[in-house]
Structures are given as C-alpha cells and as structure tokens.
Amino acid sequence: MSDATVAAAPADTRRAGRFVYGAAVAMLCAWVLVPIYFLLINTLSSPEAVNAFPKSFVPEFDLGSLTFFANFAGILTALKNSILVAALTMVMSISIGAPAGYALSRFDFPGKELFRLLILLTRAFPLPLLALPLAVMFIRAGIDDTIFGLALVHTTLAIPFAVLITFSLFSGIPMELEEAAWTLGCTRLTAFTKVILPLILPGITASAIFAFVISWNEVFAAAVLTIENRTLTAFLLQNLDTSPLHLKFAGGFILVVPALIFIFAVRKYLFAMWGIANR
Amino acid sequence: MNARFLPYLLILPVTLFLCLFFLYPFVLVAQQAFSTGAGFTLDNFRDVSSHWKFPISLQNTLILAAAVVPVQLALALLMATMVNKMKKGRDIVLYIWTIPLGISDLAAGIIWLAIFDQSGFLNSMLNAVGATDKPFNLLSYQTPGVVFLAIARAEIWRATAIMLVILVAGIGLIPKEYYEAAEVFGASPWKRFLKVTLPLLRPSLQTALVLRVILAFEIFAVVSALGGTLFPVLMGEVYTYQFELLNGGAAAAIALIILAISIASTLVILRALRVPKGASI
C-alpha cells in the first residue's frame, strides 16, 4: 500500500461519514415534514379528490374541502371556543404561575421543597382525568359546559409548566441586577417592573404561547366537559365516526396551522425554558 | 412588604389553585371510584375489571407504551447528538424537528389517517409503484398489526419532539471541558457519548422519561382517530364509561388504575435514573 492511499483513506471515510450524516438529517426532516405535506394536499383538494383513489401527490388547490369545513354546522363556533379557552388559559396560567416562578428563583423559604414537590407531582399525574370529578363540581357551581370551566382545567394542565418555565427565566437574570436597582433608589416593585420585566417579557410571552398550545391541543377534558360549547378538538373527536374524510382532514389542518406558527415564535426559548426547568 | 412573607404571598395563588383544581378533584375521583352510593365498596373495580374489554385495553396501553417510548428515547438521543454536532443549519433543523411538539394528538392521528386510510397515501404509493391496483383496507379488524403500527408510528412521530427538546437543553448544560478532557485521553466519539453524555444527562433523561411514559398511558385521541373501537385503550374506556355509558363510578375506577400505573412507573424511572447527591452539575 502506498503512502497516498493511507493518507486518502481517512479523508474518504470522513467524506462518507459526512454524507451519511447529512442524509440522516435530511431523512429525519422528511419524516417530520412529509406527513404534514400529505395533510396539506388533502386539505387543498376537492372532497371528490380526497375520497378518490389513487391519490395525486400534488394538491389541486381547490378550496372545496375548506369551504365545506367552514360551512359545516357548529364548526366556526367550535373554533371560536377553542381560541377563547386557550386565550383564557394563557392569561390565567401566567398571571398565577409567574409570581410563584419568581418566588422560587429569588427566595429561600421554609416549605419551598414541599411546594416544588406539589408542582412536580402535578406532572406525574394524568391530569385530563381530573375532568371527571370536576364535571360534577362545575355543575354545582353553575359553570358546567362553559369556556371558563374548561379553561380552569386547562390552566391546571399548564400551570406546572408556567411555574417551572418562569422559574428558569428568572433564574437566568442575575440577582445583582435587581440589587443594583435597589441601591439606585428602586423599591422591590419598581426594580421588578423597570429592570426585570422588560428583560423577561419575551420569555414570558413564549411561555404564554406554550400554555396556549397546551389548551388548544387538549382533547380529553374538552370532550368530557363540553357539550354545547365544544372546542374544535372536542368537536372533531365527537364526530370522528360520522364525519366525512375531507372534514376530518380540513379540521386536522386547522389544528396544525397554529402549531407551526407557535413553535416558530417560541423556538429560541424552547431550549432555555427546559434547560433549568429540568433541574 | 416584609421579605419574610413575600415568597408565601407569591406562591399563594398557585397553591390555592392546585389545591382546588388538582388535589380536591383527585380526592373526589378516588371517592367516586370507591363508592356506588352507599359506603365503601370495590364494586366499581370489580365491574370494570370483569368487563371483556378491560384486559385487552390494559394490554394494548402497556404494549403501546413499551413499544413507543424506547424508540422515542433512542430517536431523541440520536437527534440531540446530531444537532449538537451541527454547525450550520442547526436552527432550521431544530425548528423542523420540534414542529410536532405543537401538534395535538388528535391532529397527529388525522395526519396519519391521511396515510393509512383506504384511499390514503400509502395505498396510493403502492399503486404508483405497481404493487397493487386496488386499495387495501389497512385499518380494519382483519389487520390488527397494521392498526397497531399506524398508532405507534403516529405517536412516535408526534411525541419524540418533547424528548428531543428536553435532551437538547440537557446536553447544552454539560460543560465543554468534560468533552475536551475525554478527547485528550483519546476517547472515541462513541466512548464520549457513553461515558460523558449519558451519565451527565441523567436528570434530563429522568424528566423526559417520566413525562413521556405518563403521557403514553394517557394515549387517547391518536387511537380514536386511527383505530376507533378496533384498538381499545384505557383512556378510551374512561371516555366510553363517562360519556356513552354514563357510569361515572366505573370511569373513576379506570382513572385510578391509570393513575396507579403512572405513579408506579414514575417511581421506577426515578429510582433507576437517580442522581447521586452532590454529583449533579
């Protein structure tokens, strides 16, 4: 074997390795994207094309399925309900959860561990099941089958994340910054609103969006707790057996679109949020 | 405001909220499961477990979790290490890989229905390559294997992203010095992964596994969209009892069974991946 081939061999394997690596990345991207593309084709095709066989692999750009979806009785109300519940969940889980996140990151106090345990416990329980007893409780309180009632359950789902994520966000801001503001004449409250809040606002927005997505996607509690005021997921679930294919696909697509936007909006924070929240 | 009371004031809303909407309903559900109107009874559990659908839905739920979670863990670890090595294109690849994070289980079920449906894309592909000329009904009672595969694929597709996010965040916290030291001592990339990444990633692995395993026992909408009644799972049974049979006691009993399985597996995971005191970074 000549010297040249000895020297060339590692270069070759490295090039081959890079190729395999690139191919694997591309394949995994396709694994995520292709199913969504298929759903897009179905959504942008006429109902006839959706039920036809074999399928074309390019969309017709026919709005038949989407207009059918929009005109289907009750769907627009369900869509509106979904948005309202998610918005309410977002506001409640952040306004209740963020103060606790701040307390966890800034203070050492007796009972802190117990509180953390309570928060962590909620993650270890199948929370949608709480919808069963709450249905009874809500009837007594007169908030059964309402947007607000469902939002309360979704807030329970979102609150552990709101606390842990805001905890990690606040922990990312050095305590010294706040102390400096105090020495310059700020009170605890003004130091928070003038110094900390502007720094943390984008992160808070990201975790609010996270809460929105949790509520937007929740199926079980929504289906159990709502009858007249169904959310989109509950509506689709309850009609799975009877609704035509093109309605399901258009509905699925409407569910997916916000997800794409939301993940794009929070992509920068996604990893920071989990980094410290894991500890 | 006195700094001694401030933290308690700040955590008060969450504590009250969780007591009212988490602990209290949890007590109620237990009460509901152990009573049929008069006093303590195990009747609900007896009713539920003697129903022919119970063993099969328990089995389905467990097998599905056992099949899906290890694949997701392996896939998420692979993706996380790949992303970690990436120099350009990292952001776009991460964005694409985390897209399913925002997609609901119902939507994921519908997405994979577009593929596995009788007139769906899998049949169309088989037709395009000339393997068949008429579409098969892939999701029927005659093909339980395909139904299982479709559900498992949809679940892997949808829920690997959350593990990926947790693991990428965890890997980001491992100091680069560990890798540099390992490299100086001549550790191969595989050795570095086994001896540095995996042990230091234990807290993140813990979180990711607990979260995923619990959610795997709660699988519901994916199954409803793809398998319907062909593939009964525990969560679906809760829904049926509560909504169609209007038997709240039985629904509560299954809910408690799911809860018991969740807690048991959480404890197993926490124990298996425990982090020695003082060894965390």
# chains A, B, ... in the order shown; residues from 1 in each chain; ligands from 1
>>> residues_around(residues="Ile174 (chain B)", least_positions_apart="4", cutoff="9 Å", atoms="only C-alpha atoms", output="MDAnalysis selection string")
chainID B and resid 170 178:179 196:197 200:201 281
>>> residues_around(residues="Leu240 (chain A)", least_positions_apart="4", cutoff="10 Å", atoms="only C-alpha atoms", output="list in words")
Ala234, Phe235, Leu236, Pro244, Leu245, Leu247 and Lys248 of chain A; Ile110, Ser224, Ala225, Leu226 and Gly228 of chain B
>>> residues_around(residues="region 155-161 of chain A", least_positions_apart="5", cutoff="9 Å", atoms="only C-alpha atoms", output="PyMOL selection string")
(chain A and resi 88-90+92-94+96-97+119-120+122-123+127-128+150+166+207+210-212+214-215+277) or (chain B and resi 14+17-18+21-22)
>>> write_last_selection(atoms="C-alpha atoms", output="PDB file, in the first residue's frame")
ATOM      1  CA  LEU A  88     -58.093  32.447  28.923  1.00  0.00           C
ATOM      2  CA  THR A  89     -55.769  29.574  29.873  1.00  0.00           C
ATOM      3  CA  MET A  90     -52.803  31.603  28.716  1.00  0.00           C
ATOM      4  CA  MET A  92     -54.632  32.623  33.933  1.00  0.00           C
ATOM      5  CA  SER A  93     -51.654  30.282  33.938  1.00  0.00           C
ATOM      6  CA  ILE A  94     -49.118  33.091  33.512  1.00  0.00           C
ATOM      7  CA  ILE A  96     -50.996  32.778  38.598  1.00  0.00           C
ATOM      8  CA  GLY A  97     -47.814  30.874  37.750  1.00  0.00           C
ATOM      9  CA  ILE A 119     -45.628  21.299  41.333  1.00  0.00           C
ATOM     10  CA  LEU A 120     -43.649  18.238  40.261  1.00  0.00           C
ATOM     11  CA  THR A 122     -48.848  17.516  39.024  1.00  0.00           C
ATOM     12  CA  ARG A 123     -46.542  16.436  36.238  1.00  0.00           C
ATOM     13  CA  LEU A 127     -54.335  15.424  34.618  1.00  0.00           C
ATOM     14  CA  PRO A 128     -57.077  15.201  31.986  1.00  0.00           C
ATOM     15  CA  LEU A 150     -62.783  24.296  30.698  1.00  0.00           C
ATOM     16  CA  THR A 166     -40.777  31.323  34.568  1.00  0.00           C
ATOM     17  CA  SER A 207     -44.273  30.543  27.931  1.00  0.00           C
ATOM     18  CA  PHE A 210     -46.762  27.394  25.344  1.00  0.00           C
ATOM     19  CA  ALA A 211     -49.826  27.498  27.615  1.00  0.00           C
ATOM     20  CA  PHE A 212     -51.971  28.486  24.640  1.00  0.00           C
ATOM     21  CA  ILE A 214     -51.427  23.094  25.641  1.00  0.00           C
ATOM     22  CA  SER A 215     -55.035  24.263  25.795  1.00  0.00           C
ATOM     23  CA  ALA A 277     -36.714  23.580  34.420  1.00  0.00           C
TER      24      ALA A 277
ATOM     25  CA  VAL B  14     -50.732  28.661  42.613  1.00  0.00           C
ATOM     26  CA  PHE B  17     -55.411  26.901  42.548  1.00  0.00           C
ATOM     27  CA  LEU B  18     -53.741  23.491  42.672  1.00  0.00           C
ATOM     28  CA  PHE B  21     -58.381  22.018  40.908  1.00  0.00           C
ATOM     29  CA  PHE B  22     -55.820  19.286  41.460  1.00  0.00           C
TER      30      PHE B  22
END
>>> residues_around(residues="region 147-150 of chain B", least_positions_apart="6", cutoff="9 Å", atoms="only C-alpha atoms", output="ChimeraX atom specification")
/B:60,64,109,112-113,116,138-141,226-227,230-231
>>> closest_atom_pairs(of="chain B", to="chain A", cutoff="6 Å", atoms="only C-alpha atoms", output="tab-separated table")
residue	atom	partner	partner_atom	distance
B:Pro7	CA	A:Ala103	CA	5.1
B:Leu10	CA	A:Pro99	CA	5.1
B:Ile11	CA	A:Ala100	CA	4.5
B:Pro13	CA	A:Ile96	CA	5.8
B:Val14	CA	A:Ile96	CA	5.8
B:Pro25	CA	A:Pro133	CA	5.6
B:Leu28	CA	A:Pro133	CA	5.9
B:Val29	CA	A:Pro133	CA	5.5
B:Gly102	CA	A:Ala259	CA	4.5
B:Ile103	CA	A:Ala259	CA	5.7
B:Ser104	CA	A:Asn217	CA	4.6
B:Ala107	CA	A:Gly252	CA	4.7
B:Ile110	CA	A:Gly252	CA	5.9
B:Ile111	CA	A:Leu39	CA	5.7
B:Ser119	CA	A:Phe53	CA	5.3
B:Ser124	CA	A:Pro54	CA	4.8
B:Ile166	CA	A:Trp274	CA	5.8
B:Ala169	CA	A:Gly275	CA	4.5
B:Gly170	CA	A:Gly275	CA	5.8
B:Ser204	CA	A:Asn278	CA	5.9
>>> residues_around(residues="Val213 (chain B)", least_positions_apart="2", cutoff="8 Å", atoms="only C-alpha atoms", output="list in words")
Ala65, Val69, Leu209, Val210, Leu211, Leu215, Ala216, Phe217, Ser262, Ser265 and Thr266 of chain B
>>> residues_around(residues="Gly236 (chain B)", least_positions_apart="6", cutoff="10 Å", atoms="only C-alpha atoms", output="ChimeraX atom specification")
/A:220 /B:57,218-221,223-224,228-229,242,251
>>> write_last_selection(atoms="all heavy atoms", output="mmCIF file, in the first residue's frame")
data_model
loop_
_atom_site.group_PDB
_atom_site.id
_atom_site.type_symbol
_atom_site.label_atom_id
_atom_site.label_comp_id
_atom_site.auth_asym_id
_atom_site.auth_seq_id
_atom_site.Cartn_x
_atom_site.Cartn_y
_atom_site.Cartn_z
ATOM 1 N N PHE A 220 -59.130 15.405 25.740
ATOM 2 C CA PHE A 220 -59.963 14.594 26.639
ATOM 3 C C PHE A 220 -60.856 15.452 27.539
ATOM 4 O O PHE A 220 -62.084 15.290 27.544
ATOM 5 C CB PHE A 220 -59.080 13.677 27.490
ATOM 6 C CG PHE A 220 -59.879 12.729 28.334
ATOM 7 C CD1 PHE A 220 -60.309 11.510 27.813
ATOM 8 C CD2 PHE A 220 -60.211 13.040 29.640
ATOM 9 C CE1 PHE A 220 -61.055 10.644 28.580
ATOM 10 C CE2 PHE A 220 -60.956 12.175 30.410
ATOM 11 C CZ PHE A 220 -61.375 10.969 29.880
ATOM 12 N N SER B 57 -57.724 -3.727 26.794
ATOM 13 C CA SER B 57 -57.307 -2.313 26.731
ATOM 14 C C SER B 57 -56.113 -2.049 27.631
ATOM 15 O O SER B 57 -55.252 -1.226 27.295
ATOM 16 C CB SER B 57 -58.469 -1.364 27.055
ATOM 17 O OG SER B 57 -59.244 -1.850 28.093
ATOM 18 N N GLU B 218 -51.687 7.829 28.759
ATOM 19 C CA GLU B 218 -52.874 8.663 28.529
ATOM 20 C C GLU B 218 -53.264 8.681 27.066
ATOM 21 O O GLU B 218 -54.105 9.479 26.654
ATOM 22 C CB GLU B 218 -52.589 10.098 28.951
ATOM 23 C CG GLU B 218 -52.589 10.322 30.429
ATOM 24 C CD GLU B 218 -52.198 11.754 30.739
ATOM 25 O OE1 GLU B 218 -52.697 12.665 30.082
ATOM 26 O OE2 GLU B 218 -51.371 11.936 31.641
ATOM 27 N N ILE B 219 -52.637 7.848 26.265
ATOM 28 C CA ILE B 219 -52.904 7.885 24.823
ATOM 29 C C ILE B 219 -54.389 7.680 24.570
ATOM 30 O O ILE B 219 -55.034 6.843 25.173
ATOM 31 C CB ILE B 219 -52.054 6.849 24.067
ATOM 32 C CG1 ILE B 219 -52.227 7.047 22.578
ATOM 33 C CG2 ILE B 219 -52.409 5.422 24.471
ATOM 34 C CD1 ILE B 219 -51.144 6.386 21.764
ATOM 35 N N PHE B 220 -54.926 8.550 23.714
ATOM 36 C CA PHE B 220 -56.372 8.548 23.546
ATOM 37 C C PHE B 220 -56.787 8.982 22.140
ATOM 38 O O PHE B 220 -57.319 8.181 21.365
ATOM 39 C CB PHE B 220 -56.997 9.466 24.606
ATOM 40 C CG PHE B 220 -58.459 9.698 24.435
ATOM 41 C CD1 PHE B 220 -59.343 8.633 24.412
ATOM 42 C CD2 PHE B 220 -58.954 10.985 24.286
ATOM 43 C CE1 PHE B 220 -60.694 8.845 24.246
ATOM 44 C CE2 PHE B 220 -60.311 11.204 24.121
ATOM 45 C CZ PHE B 220 -61.172 10.126 24.098
ATOM 46 N N ALA B 221 -56.501 10.245 21.787
ATOM 47 C CA ALA B 221 -57.050 10.787 20.551
ATOM 48 C C ALA B 221 -56.409 10.167 19.309
ATOM 49 O O ALA B 221 -57.088 9.947 18.304
ATOM 50 C CB ALA B 221 -56.890 12.303 20.532
ATOM 51 N N VAL B 223 -55.462 7.177 19.023
ATOM 52 C CA VAL B 223 -56.127 5.894 18.874
ATOM 53 C C VAL B 223 -57.533 6.072 18.313
ATOM 54 O O VAL B 223 -57.958 5.343 17.416
ATOM 55 C CB VAL B 223 -56.170 5.161 20.235
ATOM 56 C CG1 VAL B 223 -56.912 3.856 20.113
ATOM 57 C CG2 VAL B 223 -54.767 4.928 20.743
ATOM 58 N N SER B 224 -58.253 7.085 18.833
ATOM 59 C CA SER B 224 -59.615 7.309 18.347
ATOM 60 C C SER B 224 -59.612 7.608 16.855
ATOM 61 O O SER B 224 -60.470 7.133 16.119
ATOM 62 C CB SER B 224 -60.260 8.488 19.070
ATOM 63 O OG SER B 224 -60.191 8.298 20.442
ATOM 64 N N GLY B 228 -60.180 3.752 16.218
ATOM 65 C CA GLY B 228 -61.565 3.754 16.680
ATOM 66 C C GLY B 228 -61.762 2.690 17.735
ATOM 67 O O GLY B 228 -61.026 2.629 18.704
ATOM 68 N N THR B 229 -62.739 1.832 17.522
ATOM 69 C CA THR B 229 -63.016 0.791 18.509
ATOM 70 C C THR B 229 -62.172 -0.454 18.275
ATOM 71 O O THR B 229 -62.255 -1.414 19.033
ATOM 72 C CB THR B 229 -64.496 0.398 18.455
ATOM 73 O OG1 THR B 229 -64.835 0.193 17.087
ATOM 74 C CG2 THR B 229 -65.367 1.484 19.044
ATOM 75 N N GLN B 242 -67.717 7.250 30.875
ATOM 76 C CA GLN B 242 -68.213 8.544 31.314
ATOM 77 C C GLN B 242 -69.257 9.099 30.360
ATOM 78 O O GLN B 242 -70.277 9.614 30.786
ATOM 79 C CB GLN B 242 -67.036 9.530 31.418
ATOM 80 C CG GLN B 242 -67.421 10.963 31.763
ATOM 81 C CD GLN B 242 -67.607 11.165 33.254
ATOM 82 O OE1 GLN B 242 -67.258 10.299 34.054
ATOM 83 N NE2 GLN B 242 -68.173 12.293 33.630
ATOM 84 N N ALA B 251 -65.869 4.937 35.358
ATOM 85 C CA ALA B 251 -64.859 5.800 34.728
ATOM 86 C C ALA B 251 -63.794 6.182 35.749
ATOM 87 O O ALA B 251 -62.592 6.116 35.467
ATOM 88 C CB ALA B 251 -65.510 7.051 34.147
#
>>> residues_around(residues="Ala252 (chain B)", least_positions_apart="2", cutoff="6 Å", atoms="only C-alpha atoms", output="list in words")
Val29, Ala33, Gly249, Ala250, Ile254 and Ala255 of chain B
>>> closest_residue(among="B:Asn123, B:Asn137, B:Thr61, B:Asn247", to="Gln32 (chain B)", atoms="only C-alpha atoms")
B:Asn247
>>> select_by_dssp(residues="region 88-208 of chain A", states="helix (DSSP H, G or I)", output="PyMOL selection string")
chain A and resi 88-106+112-123+127-141+147-171+175-183+188-208
>>> atom_distance(atom1="CA of Arg192 (chain B)", atom2="CA of Ile171 (chain B)")
12.6 Å
>>> closest_residue(among="B:Glu237, B:Val83, B:Ala182, B:Ile92", to="Leu167 (chain B)", atoms="only C-alpha atoms")
B:Val83
>>> atom_distance(atom1="CA of Thr231 (chain A)", atom2="CA of Leu16 (chain B)")
26.8 Å
>>> decode(residues="region 181-280 of chain B", atoms="C-alpha atoms", output="PDB file, in the first residue's frame")
ATOM      1  CA  ALA B 181     -10.676  16.160  28.625  1.00  0.00           C
ATOM      2  CA  ALA B 182     -12.151  12.954  27.237  1.00  0.00           C
ATOM      3  CA  GLU B 183     -10.729  13.804  23.819  1.00  0.00           C
ATOM      4  CA  VAL B 184      -7.263  14.446  25.249  1.00  0.00           C
ATOM      5  CA  PHE B 185      -7.355  10.971  26.782  1.00  0.00           C
ATOM      6  CA  GLY B 186      -8.229   9.572  23.379  1.00  0.00           C
ATOM      7  CA  ALA B 187     -11.873   8.652  23.882  1.00  0.00           C
ATOM      8  CA  SER B 188     -13.722   7.869  20.661  1.00  0.00           C
ATOM      9  CA  PRO B 189     -16.949   9.739  19.901  1.00  0.00           C
ATOM     10  CA  TRP B 190     -18.936   6.651  20.919  1.00  0.00           C
ATOM     11  CA  LYS B 191     -16.975   6.380  24.201  1.00  0.00           C
ATOM     12  CA  ARG B 192     -17.524  10.087  24.847  1.00  0.00           C
ATOM     13  CA  PHE B 193     -21.254   9.579  24.342  1.00  0.00           C
ATOM     14  CA  LEU B 194     -21.351   6.594  26.720  1.00  0.00           C
ATOM     15  CA  LYS B 195     -19.025   7.932  29.420  1.00  0.00           C
ATOM     16  CA  VAL B 196     -19.713  11.680  29.365  1.00  0.00           C
ATOM     17  CA  THR B 197     -23.026  12.489  27.732  1.00  0.00           C
ATOM     18  CA  LEU B 198     -25.227   9.718  29.085  1.00  0.00           C
ATOM     19  CA  PRO B 199     -24.258   9.901  32.785  1.00  0.00           C
ATOM     20  CA  LEU B 200     -24.361  13.705  32.889  1.00  0.00           C
ATOM     21  CA  LEU B 201     -27.670  13.704  31.067  1.00  0.00           C
ATOM     22  CA  ARG B 202     -29.353  11.680  33.792  1.00  0.00           C
ATOM     23  CA  PRO B 203     -31.569  14.456  35.213  1.00  0.00           C
ATOM     24  CA  SER B 204     -32.848  15.308  31.744  1.00  0.00           C
ATOM     25  CA  LEU B 205     -33.367  11.652  30.893  1.00  0.00           C
ATOM     26  CA  GLN B 206     -35.377  11.354  34.083  1.00  0.00           C
ATOM     27  CA  THR B 207     -37.649  14.273  33.195  1.00  0.00           C
ATOM     28  CA  ALA B 208     -38.055  13.152  29.603  1.00  0.00           C
ATOM     29  CA  LEU B 209     -38.879   9.555  30.503  1.00  0.00           C
ATOM     30  CA  VAL B 210     -41.308  10.366  33.304  1.00  0.00           C
ATOM     31  CA  LEU B 211     -43.150  12.839  31.128  1.00  0.00           C
ATOM     32  CA  ARG B 212     -43.310  10.559  28.124  1.00  0.00           C
ATOM     33  CA  VAL B 213     -44.251   7.379  29.983  1.00  0.00           C
ATOM     34  CA  ILE B 214     -47.124   9.101  31.767  1.00  0.00           C
ATOM     35  CA  LEU B 215     -48.337  10.626  28.540  1.00  0.00           C
ATOM     36  CA  ALA B 216     -48.057   7.244  26.838  1.00  0.00           C
ATOM     37  CA  PHE B 217     -50.540   5.782  29.332  1.00  0.00           C
ATOM     38  CA  GLU B 218     -52.874   8.663  28.529  1.00  0.00           C
ATOM     39  CA  ILE B 219     -52.904   7.885  24.823  1.00  0.00           C
ATOM     40  CA  PHE B 220     -56.372   8.548  23.546  1.00  0.00           C
ATOM     41  CA  ALA B 221     -57.050  10.787  20.551  1.00  0.00           C
ATOM     42  CA  VAL B 222     -54.444   9.215  18.254  1.00  0.00           C
ATOM     43  CA  VAL B 223     -56.127   5.894  18.874  1.00  0.00           C
ATOM     44  CA  SER B 224     -59.615   7.309  18.347  1.00  0.00           C
ATOM     45  CA  ALA B 225     -58.609   8.799  15.015  1.00  0.00           C
ATOM     46  CA  LEU B 226     -56.786   5.744  13.677  1.00  0.00           C
ATOM     47  CA  GLY B 227     -58.190   2.677  15.362  1.00  0.00           C
ATOM     48  CA  GLY B 228     -61.565   3.754  16.680  1.00  0.00           C
ATOM     49  CA  THR B 229     -63.016   0.791  18.509  1.00  0.00           C
ATOM     50  CA  LEU B 230     -60.554  -1.637  16.905  1.00  0.00           C
ATOM     51  CA  PHE B 231     -57.861  -0.872  19.423  1.00  0.00           C
ATOM     52  CA  PRO B 232     -59.324  -0.242  22.878  1.00  0.00           C
ATOM     53  CA  VAL B 233     -57.053   1.601  25.337  1.00  0.00           C
ATOM     54  CA  LEU B 234     -57.636   2.533  28.988  1.00  0.00           C
ATOM     55  CA  MET B 235     -58.196   6.238  28.391  1.00  0.00           C
ATOM     56  CA  GLY B 236     -60.732   5.437  25.686  1.00  0.00           C
ATOM     57  CA  GLU B 237     -62.558   3.201  28.164  1.00  0.00           C
ATOM     58  CA  VAL B 238     -62.733   6.062  30.671  1.00  0.00           C
ATOM     59  CA  TYR B 239     -64.275   8.195  27.950  1.00  0.00           C
ATOM     60  CA  THR B 240     -66.767   5.477  26.974  1.00  0.00           C
ATOM     61  CA  TYR B 241     -67.869   4.854  30.553  1.00  0.00           C
ATOM     62  CA  GLN B 242     -68.213   8.544  31.314  1.00  0.00           C
ATOM     63  CA  PHE B 243     -69.792   9.705  28.099  1.00  0.00           C
ATOM     64  CA  GLU B 244     -71.630   6.829  26.473  1.00  0.00           C
ATOM     65  CA  LEU B 245     -72.496   4.547  29.387  1.00  0.00           C
ATOM     66  CA  LEU B 246     -72.867   7.466  31.826  1.00  0.00           C
ATOM     67  CA  ASN B 247     -71.230   5.406  34.565  1.00  0.00           C
ATOM     68  CA  GLY B 248     -69.082   7.887  36.459  1.00  0.00           C
ATOM     69  CA  GLY B 249     -68.044   5.380  39.116  1.00  0.00           C
ATOM     70  CA  ALA B 250     -66.607   2.973  36.569  1.00  0.00           C
ATOM     71  CA  ALA B 251     -64.859   5.800  34.728  1.00  0.00           C
ATOM     72  CA  ALA B 252     -63.318   6.919  38.010  1.00  0.00           C
ATOM     73  CA  ALA B 253     -62.180   3.367  38.760  1.00  0.00           C
ATOM     74  CA  ILE B 254     -60.272   3.092  35.467  1.00  0.00           C
ATOM     75  CA  ALA B 255     -58.918   6.578  36.033  1.00  0.00           C
ATOM     76  CA  LEU B 256     -57.461   5.385  39.335  1.00  0.00           C
ATOM     77  CA  ILE B 257     -55.978   2.327  37.651  1.00  0.00           C
ATOM     78  CA  ILE B 258     -54.253   4.561  35.086  1.00  0.00           C
ATOM     79  CA  LEU B 259     -53.056   6.757  37.931  1.00  0.00           C
ATOM     80  CA  ALA B 260     -51.633   3.755  39.798  1.00  0.00           C
ATOM     81  CA  ILE B 261     -49.739   2.584  36.722  1.00  0.00           C
ATOM     82  CA  SER B 262     -48.408   6.113  36.148  1.00  0.00           C
ATOM     83  CA  ILE B 263     -47.188   6.521  39.715  1.00  0.00           C
ATOM     84  CA  ALA B 264     -45.598   3.073  39.767  1.00  0.00           C
ATOM     85  CA  SER B 265     -43.675   3.710  36.569  1.00  0.00           C
ATOM     86  CA  THR B 266     -42.647   7.204  37.698  1.00  0.00           C
ATOM     87  CA  LEU B 267     -41.132   5.705  40.855  1.00  0.00           C
ATOM     88  CA  VAL B 268     -39.330   3.038  38.844  1.00  0.00           C
ATOM     89  CA  ILE B 269     -37.846   5.629  36.482  1.00  0.00           C
ATOM     90  CA  LEU B 270     -36.810   7.983  39.290  1.00  0.00           C
ATOM     91  CA  ARG B 271     -35.152   5.095  41.112  1.00  0.00           C
ATOM     92  CA  ALA B 272     -33.424   3.667  38.044  1.00  0.00           C
ATOM     93  CA  LEU B 273     -32.014   7.036  36.967  1.00  0.00           C
ATOM     94  CA  ARG B 274     -31.399   8.571  40.376  1.00  0.00           C
ATOM     95  CA  VAL B 275     -28.688  11.165  40.560  1.00  0.00           C
ATOM     96  CA  PRO B 276     -26.279  10.635  43.452  1.00  0.00           C
ATOM     97  CA  LYS B 277     -26.387  13.537  45.898  1.00  0.00           C
ATOM     98  CA  GLY B 278     -23.817  16.195  45.112  1.00  0.00           C
ATOM     99  CA  ALA B 279     -22.939  14.659  41.756  1.00  0.00           C
ATOM    100  CA  SER B 280     -25.056  16.929  39.603  1.00  0.00           C
TER     101      SER B 280
END
